[in-house]
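Dumped coords.cif below, it's mmCIF, C-alpha atoms:
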data_target
loop_
_atom_site.label_atom_id
_atom_site.label_comp_id
_atom_site.auth_asym_id
_atom_site.auth_seq_id
_atom_site.Cartn_x
_atom_site.Cartn_y
_atom_site.Cartn_z
CA MET T 149 35.57 17.01 28.35
CA GLU T 150 32.17 18.67 28.39
CA GLN T 151 29.38 16.34 29.53
CA ALA T 152 26.23 15.93 27.46
CA SER T 153 23.09 17.65 28.73
CA PRO T 154 20.31 15.59 30.39
CA GLN T 155 18.13 16.16 27.33
CA THR T 156 20.84 14.77 25.04
CA ASN T 157 21.39 11.75 27.28
CA PHE T 158 17.63 11.08 27.32
CA PHE T 159 17.50 11.26 23.51
CA ILE T 160 20.44 8.84 23.20
CA ARG T 161 18.81 6.38 25.62
CA GLN T 162 15.54 6.49 23.65
CA LEU T 163 17.41 6.01 20.37
CA LYS T 164 19.17 2.92 21.71
CA LYS T 165 15.80 1.40 22.57
CA LEU T 166 14.74 1.49 18.92
CA SER T 167 15.01 -1.87 17.21
CA PHE T 168 16.39 -2.37 13.72
CA GLN T 169 12.83 -3.13 12.57
CA VAL T 170 11.52 0.21 13.83
CA ILE T 171 14.38 2.14 12.24
CA LEU T 172 13.81 0.33 8.93
CA LEU T 173 10.09 1.14 8.99
CA VAL T 174 10.83 4.81 9.71
CA ILE T 175 13.24 4.92 6.75
CA ILE T 176 10.62 3.30 4.48
CA PHE T 177 8.02 5.81 5.68
CA ILE T 178 10.32 8.76 4.91
CA ILE T 179 11.22 7.39 1.46
CA CYS T 180 7.54 6.90 0.59
CA CYS T 181 6.65 10.43 1.72
CA TRP T 182 9.50 11.86 -0.35
CA GLY T 183 8.51 9.74 -3.36
CA LEU T 184 4.87 10.81 -3.14
CA PHE T 185 5.72 14.51 -2.99
CA ALA T 186 8.26 14.17 -5.83
CA ILE T 187 5.69 12.48 -8.08
CA ALA T 188 2.96 14.97 -7.21
CA ASP T 189 5.34 17.84 -7.95
CA MET T 190 6.32 16.30 -11.30
CA ILE T 191 2.70 15.84 -12.39
CA PHE T 192 0.79 18.76 -10.96
CA GLU T 193 3.46 21.44 -10.68
CA ASP T 194 5.82 20.73 -13.59
CA LYS T 195 3.14 19.08 -15.80
CA ASN T 196 5.84 16.61 -16.87
CA LEU T 197 4.52 13.44 -18.55
CA ALA T 198 7.87 12.22 -19.94
CA PHE T 199 8.26 9.49 -17.29
CA ASP T 200 4.77 8.08 -17.89
CA GLU T 201 5.26 8.13 -21.65
CA ARG T 202 8.59 6.29 -21.36
CA VAL T 203 6.99 3.57 -19.24
CA PHE T 204 4.13 3.09 -21.72
CA ALA T 205 6.67 2.90 -24.56
CA ALA T 206 8.75 0.30 -22.67
CA ILE T 207 5.71 -1.98 -22.25
CA VAL T 208 4.64 -1.89 -25.92
CA PRO T 209 6.83 -4.86 -27.02
CA TYR T 210 5.10 -7.07 -24.44
CA TYR T 211 1.55 -6.43 -25.61
CA ASN T 212 -0.18 -9.61 -26.79
CA ASP T 213 -3.52 -11.32 -26.20
CA GLY T 214 -2.13 -13.75 -23.61
CA ASN T 215 -0.50 -11.04 -21.47
CA THR T 216 -3.60 -8.86 -21.74
CA ARG T 217 -5.82 -11.68 -20.49
CA LEU T 218 -3.39 -12.35 -17.63
CA MET T 219 -3.22 -8.67 -16.62
CA ASN T 220 -7.01 -8.38 -16.83
CA PHE T 221 -7.27 -11.36 -14.47
CA ILE T 222 -4.72 -9.95 -12.01
CA THR T 223 -6.27 -6.48 -11.96
CA PHE T 224 -9.53 -8.03 -10.68
CA PHE T 225 -7.83 -8.62 -7.30
CA GLY T 226 -7.50 -4.87 -6.78
CA SER T 227 -11.13 -4.13 -7.61
CA HIS T 228 -14.00 -3.57 -5.17
CA ASN T 229 -15.68 -6.65 -6.66
CA PHE T 230 -12.96 -8.75 -5.02
CA LEU T 231 -11.79 -6.61 -2.09
CA LEU T 232 -15.19 -5.86 -0.55
CA PRO T 233 -16.24 -9.52 -0.11
CA ALA T 234 -12.64 -10.51 0.71
CA ASN T 235 -12.44 -7.96 3.54
CA LEU T 236 -15.86 -8.97 4.84
CA LEU T 237 -14.86 -12.64 4.74
CA LEU T 238 -11.62 -11.92 6.58
CA ILE T 239 -13.46 -9.89 9.22
CA GLY T 240 -16.01 -12.70 9.62
CA ILE T 241 -13.31 -15.36 10.01
CA PHE T 242 -11.51 -13.47 12.77
CA LEU T 243 -14.76 -12.75 14.60
CA PHE T 244 -15.04 -16.49 15.24
CA TYR T 245 -11.58 -16.74 16.81
CA LYS T 246 -11.54 -15.12 20.24
CA LYS T 247 -7.73 -15.07 20.34
CA HIS T 248 -7.54 -13.01 17.13
CA ARG T 249 -10.89 -11.21 17.31
CA ALA T 250 -9.17 -7.81 17.50
CA TYR T 251 -7.96 -8.33 13.92
CA SER T 252 -11.54 -7.98 12.64
CA LEU T 253 -11.78 -4.40 13.95
CA LYS T 254 -8.30 -3.55 12.66
CA ILE T 255 -9.07 -4.86 9.17
CA ALA T 256 -12.33 -2.91 9.00
CA SER T 257 -10.81 0.34 10.26
CA VAL T 258 -7.77 0.23 7.96
CA ALA T 259 -9.86 -0.70 4.89
CA ILE T 260 -12.48 2.01 5.49
CA THR T 261 -10.01 4.80 6.26
CA SER T 262 -7.74 3.97 3.30
CA THR T 263 -10.75 4.06 0.96
CA ALA T 264 -11.81 7.43 2.37
CA VAL T 265 -8.30 8.86 1.84
CA LEU T 266 -8.26 7.47 -1.71
CA PHE T 267 -11.51 9.10 -2.78
CA LEU T 268 -10.59 12.38 -1.06
CA LEU T 269 -7.32 12.58 -3.01
CA LYS T 270 -9.01 11.71 -6.30
CA PHE T 271 -11.65 14.39 -5.71
CA ILE T 272 -9.06 17.05 -4.87
CA LEU T 273 -6.50 16.29 -7.61
CA LYS T 274 -8.86 15.28 -10.48
CA ARG T 275 -6.28 13.87 -12.89
CA GLU T 276 -7.77 12.41 -16.05
CA ARG T 277 -7.02 8.81 -17.03
CA PRO T 278 -5.02 7.70 -20.11
CA LEU T 279 -7.10 8.21 -23.25
CA ILE T 280 -6.84 4.79 -24.93
CA PRO T 281 -7.07 1.85 -22.47
CA LEU T 282 -6.65 -1.74 -23.68
CA ILE T 283 -9.95 -2.80 -22.12
CA SER T 284 -13.21 -0.97 -21.39
CA LYS T 285 -12.55 2.50 -20.03
CA ALA T 286 -12.59 2.84 -16.23
CA HIS T 287 -14.61 5.55 -14.52
CA GLY T 288 -13.37 8.17 -12.11
CA TYR T 289 -10.10 10.04 -11.83
CA SER T 290 -6.64 8.59 -12.31
CA PHE T 291 -4.44 9.84 -9.46
CA PRO T 292 -3.72 7.94 -7.30
CA SER T 293 -4.47 4.40 -8.47
CA GLY T 294 -7.31 3.02 -6.35
CA HIS T 295 -6.59 -0.59 -7.30
CA THR T 296 -2.98 -0.14 -6.21
CA ILE T 297 -3.79 1.45 -2.85
CA SER T 298 -6.65 -0.90 -1.98
CA GLY T 299 -4.75 -3.97 -3.17
CA LEU T 300 -1.60 -3.02 -1.26
CA VAL T 301 -3.56 -2.28 1.92
CA PHE T 302 -5.43 -5.61 1.74
CA PHE T 303 -2.43 -7.79 0.90
CA GLY T 304 -0.31 -5.75 3.32
CA MET T 305 -2.79 -6.52 6.11
CA LEU T 306 -2.65 -10.19 5.15
CA ALA T 307 1.16 -10.02 5.32
CA TYR T 308 0.95 -8.46 8.81
CA ILE T 309 -1.46 -11.15 10.00
CA ILE T 310 0.82 -13.84 8.54
CA TYR T 311 3.78 -12.26 10.34
CA LYS T 312 1.93 -12.31 13.65
CA THR T 313 0.30 -15.73 13.44
CA ILE T 314 2.53 -18.14 11.50
CA LYS T 315 5.45 -19.61 13.46
CA ASN T 316 7.38 -21.36 10.69
CA LYS T 317 9.89 -18.73 9.53
CA PHE T 318 10.35 -20.06 5.99
CA LEU T 319 6.59 -20.31 5.36
CA LYS T 320 5.98 -16.94 7.04
CA TRP T 321 8.45 -14.98 4.90
CA ALA T 322 7.57 -16.87 1.72
CA LEU T 323 3.91 -15.89 2.15
CA ILE T 324 4.77 -12.29 3.08
CA ILE T 325 6.91 -11.90 -0.05
CA LEU T 326 4.13 -13.49 -2.11
CA MET T 327 1.58 -10.99 -0.75
CA PHE T 328 3.68 -7.97 -1.67
CA CYS T 329 4.65 -9.41 -5.07
CA PHE T 330 0.98 -9.91 -5.88
CA ALA T 331 0.17 -6.37 -4.75
CA PHE T 332 2.93 -5.15 -7.09
CA LEU T 333 1.43 -7.15 -9.97
CA VAL T 334 -1.98 -5.57 -9.36
CA GLY T 335 -0.40 -2.14 -9.68
CA PHE T 336 1.58 -3.12 -12.78
CA SER T 337 -1.56 -4.50 -14.42
CA ARG T 338 -3.15 -1.04 -14.24
CA VAL T 339 -0.28 0.44 -16.24
CA TYR T 340 -0.15 -2.44 -18.73
CA LEU T 341 -3.89 -2.07 -19.40
CA LYS T 342 -3.42 1.72 -19.77
CA LEU T 343 -6.02 2.37 -17.10
CA HIS T 344 -3.49 4.38 -15.09
CA TYR T 345 -0.21 6.16 -15.62
CA ALA T 346 2.88 4.67 -13.97
CA SER T 347 3.06 7.74 -11.72
CA ASP T 348 -0.49 7.01 -10.49
CA VAL T 349 0.58 3.51 -9.50
CA ILE T 350 3.85 4.55 -7.84
CA ALA T 351 1.94 7.18 -5.87
CA GLY T 352 -0.58 4.46 -4.95
CA PHE T 353 2.21 2.26 -3.60
CA CYS T 354 3.62 5.17 -1.59
CA ILE T 355 0.23 6.09 -0.12
CA GLY T 356 -0.62 2.45 0.62
CA ILE T 357 2.64 1.88 2.50
CA ILE T 358 2.34 5.19 4.36
CA TRP T 359 -1.21 4.34 5.39
CA LEU T 360 -0.29 0.81 6.50
CA LEU T 361 2.55 2.14 8.67
CA LEU T 362 0.41 4.92 10.15
CA ALA T 363 -2.44 2.47 10.82
CA LYS T 364 -0.07 0.03 12.51
CA TRP T 365 1.32 2.79 14.75
CA ILE T 366 -2.16 4.10 15.64
CA LEU T 367 -3.53 0.62 16.39
CA ILE T 368 -0.53 -0.25 18.56
CA LYS T 369 -1.05 2.97 20.53
CA ALA T 370 -4.77 2.18 20.85
CA ASP T 371 -3.99 -1.32 22.14
CA LYS T 372 -1.64 0.13 24.80
CA VAL T 373 -4.35 2.60 25.92
CA ASN T 374 -6.90 -0.21 26.19
CA LEU T 375 -4.50 -2.32 28.26
CA SER T 376 -3.55 0.53 30.61
#

What is this file in structure tokens?
Amino acid sequence: MEQASPQTNFFIRQLKKLSFQVILLVIIFIICCWGLFAIADMIFEDKNLAFDERVFAAIVPYYNDGNTRLMNFITFFGSHNFLLPANLLLIGIFLFYKKHRAYSLKIASVAITSTAVLFLLKFILKRERPLIPLISKAHGYSFPSGHTISGLVFFGMLAYIIYKTIKNKFLKWALIILMFCFAFLVGFSRVYLKLHYASDVIAGFCIGIIWLLLAKWILIKADKVNLS
């Protein structure tokens, strides 16, 4: 039987070192990249709005004053009016705890870079928003959804901090699930209020997850360099 080459054996050894968690994160990253490119191709290459129109039509039966007030409340948590002071508060809190002081720099760097990526994409793609929103018309371009990206990045960072700092497994995972469910609701509120198309929000989720995973990888590498 022919023996494997040294390069193949090295690759197999490295693959065995990968944990289930790392493999899962890589799969999620690949799925999000594929989803983002598929949505961008549908919108900007094929000019296909059928998916967005079907989603708007599916929500119509649920429109009422109570749901609109609820969605308007939830969407606030993806706005800069909430996220700017919330990020500053979180940074300030961690600055006082020497053990977790590094989190303050991580939060600031992830928040700033994700916002820069968001505005760059909006400027390049320049997709117009839906014409008839349920509340006062939002300014700026539609793709991708800024509330969705910024909300997912913020609540995703909270989930990561919870994962790293809370020992009780039940409480830890309950809070992590809560963070991502709330981020999902922020994105859904943008579609319900007709401030974004569903494709804007899905793209926002994809970009937010991609950016969180890239930021985690970069910050881990930076920590290893600082320790070496």

(Q) With only C-alpha atoms as the counted atoms, please give the residues lying no more than 10 Å from segment 320-337 of chain T, apart from itself and same-chain residues fewer than 3 positions off, as a ChimeraX atom specification. (A) /T:215-216,218-227,293-317,340-346,348-350,352-353

Q: Could you check which of T:Ala351, T:Cys181, T:Leu197, T:Val170 is closest to Leu266 of chain T, using all atoms listed in the file?
A: T:Ala351

Q.
For His287 of chain T, find every residue with an atom within 10 Å (counting all atoms listed in the file), except residues of its own chain fewer than 3 positions away, and show them as number ranges by chain.
A. T: 276-277, 284, 290, 343

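One distance worth recording is that between atom CA of Phe185 of chain T and atom CA of Ser347 of chain T, which is 11.4 Å.
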
Box for segment 332-335 of chain T - axis-aligned, 8 Å on each of the six sides, all listed atoms - centre and size in Å to one decimal, as JSON.
{"center_x": 0.5, "center_y": -4.6, "center_z": -8.5, "size_x": 20.9, "size_y": 21.0, "size_z": 18.9}

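You will find atom CA of Ile171 of chain T at 27.6 Å from atom CA of Thr263 of chain T.
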
Q: Record the distance separating atom CA of Cys180 of chain T and atom CA of Val203 of chain T, expressed in Å with one decimal.
A: 20.1 Å

(Q) Can you tell me which residues surround Ile272 of chain T at a distance of at most 12 Å, considering only C-alpha atoms, apart from same-chain residues fewer than 4 positions away, and format the answer as a ChimeraX atom specification? (A) /T:192,265-268,289-292

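Considering the residues T:Leu236, T:Ala188, T:Glu201, T:Ala259 and counting all atoms listed in the file, Leu273 of chain T has its shortest atom-to-atom contact with T:Ala188.
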
Q: Might you spell out which residues the PyMOL selection byres ((chain T and resi 255) around 12) would select in the displayed file, as JSON, numbers by chain?
A: {"T": [231, 232, 234, 235, 236, 237, 238, 239, 240, 241, 242, 243, 248, 249, 250, 251, 252, 253, 254, 256, 257, 258, 259, 260, 261, 262, 301, 302, 303, 304, 305, 306, 308, 309, 360, 363, 364, 367]}

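Minimum distance to Arg202 of chain T across T:Lys285, T:Ile187, T:Phe230, T:Val339 (counting all atoms listed in the file) occurs at T:Val339.
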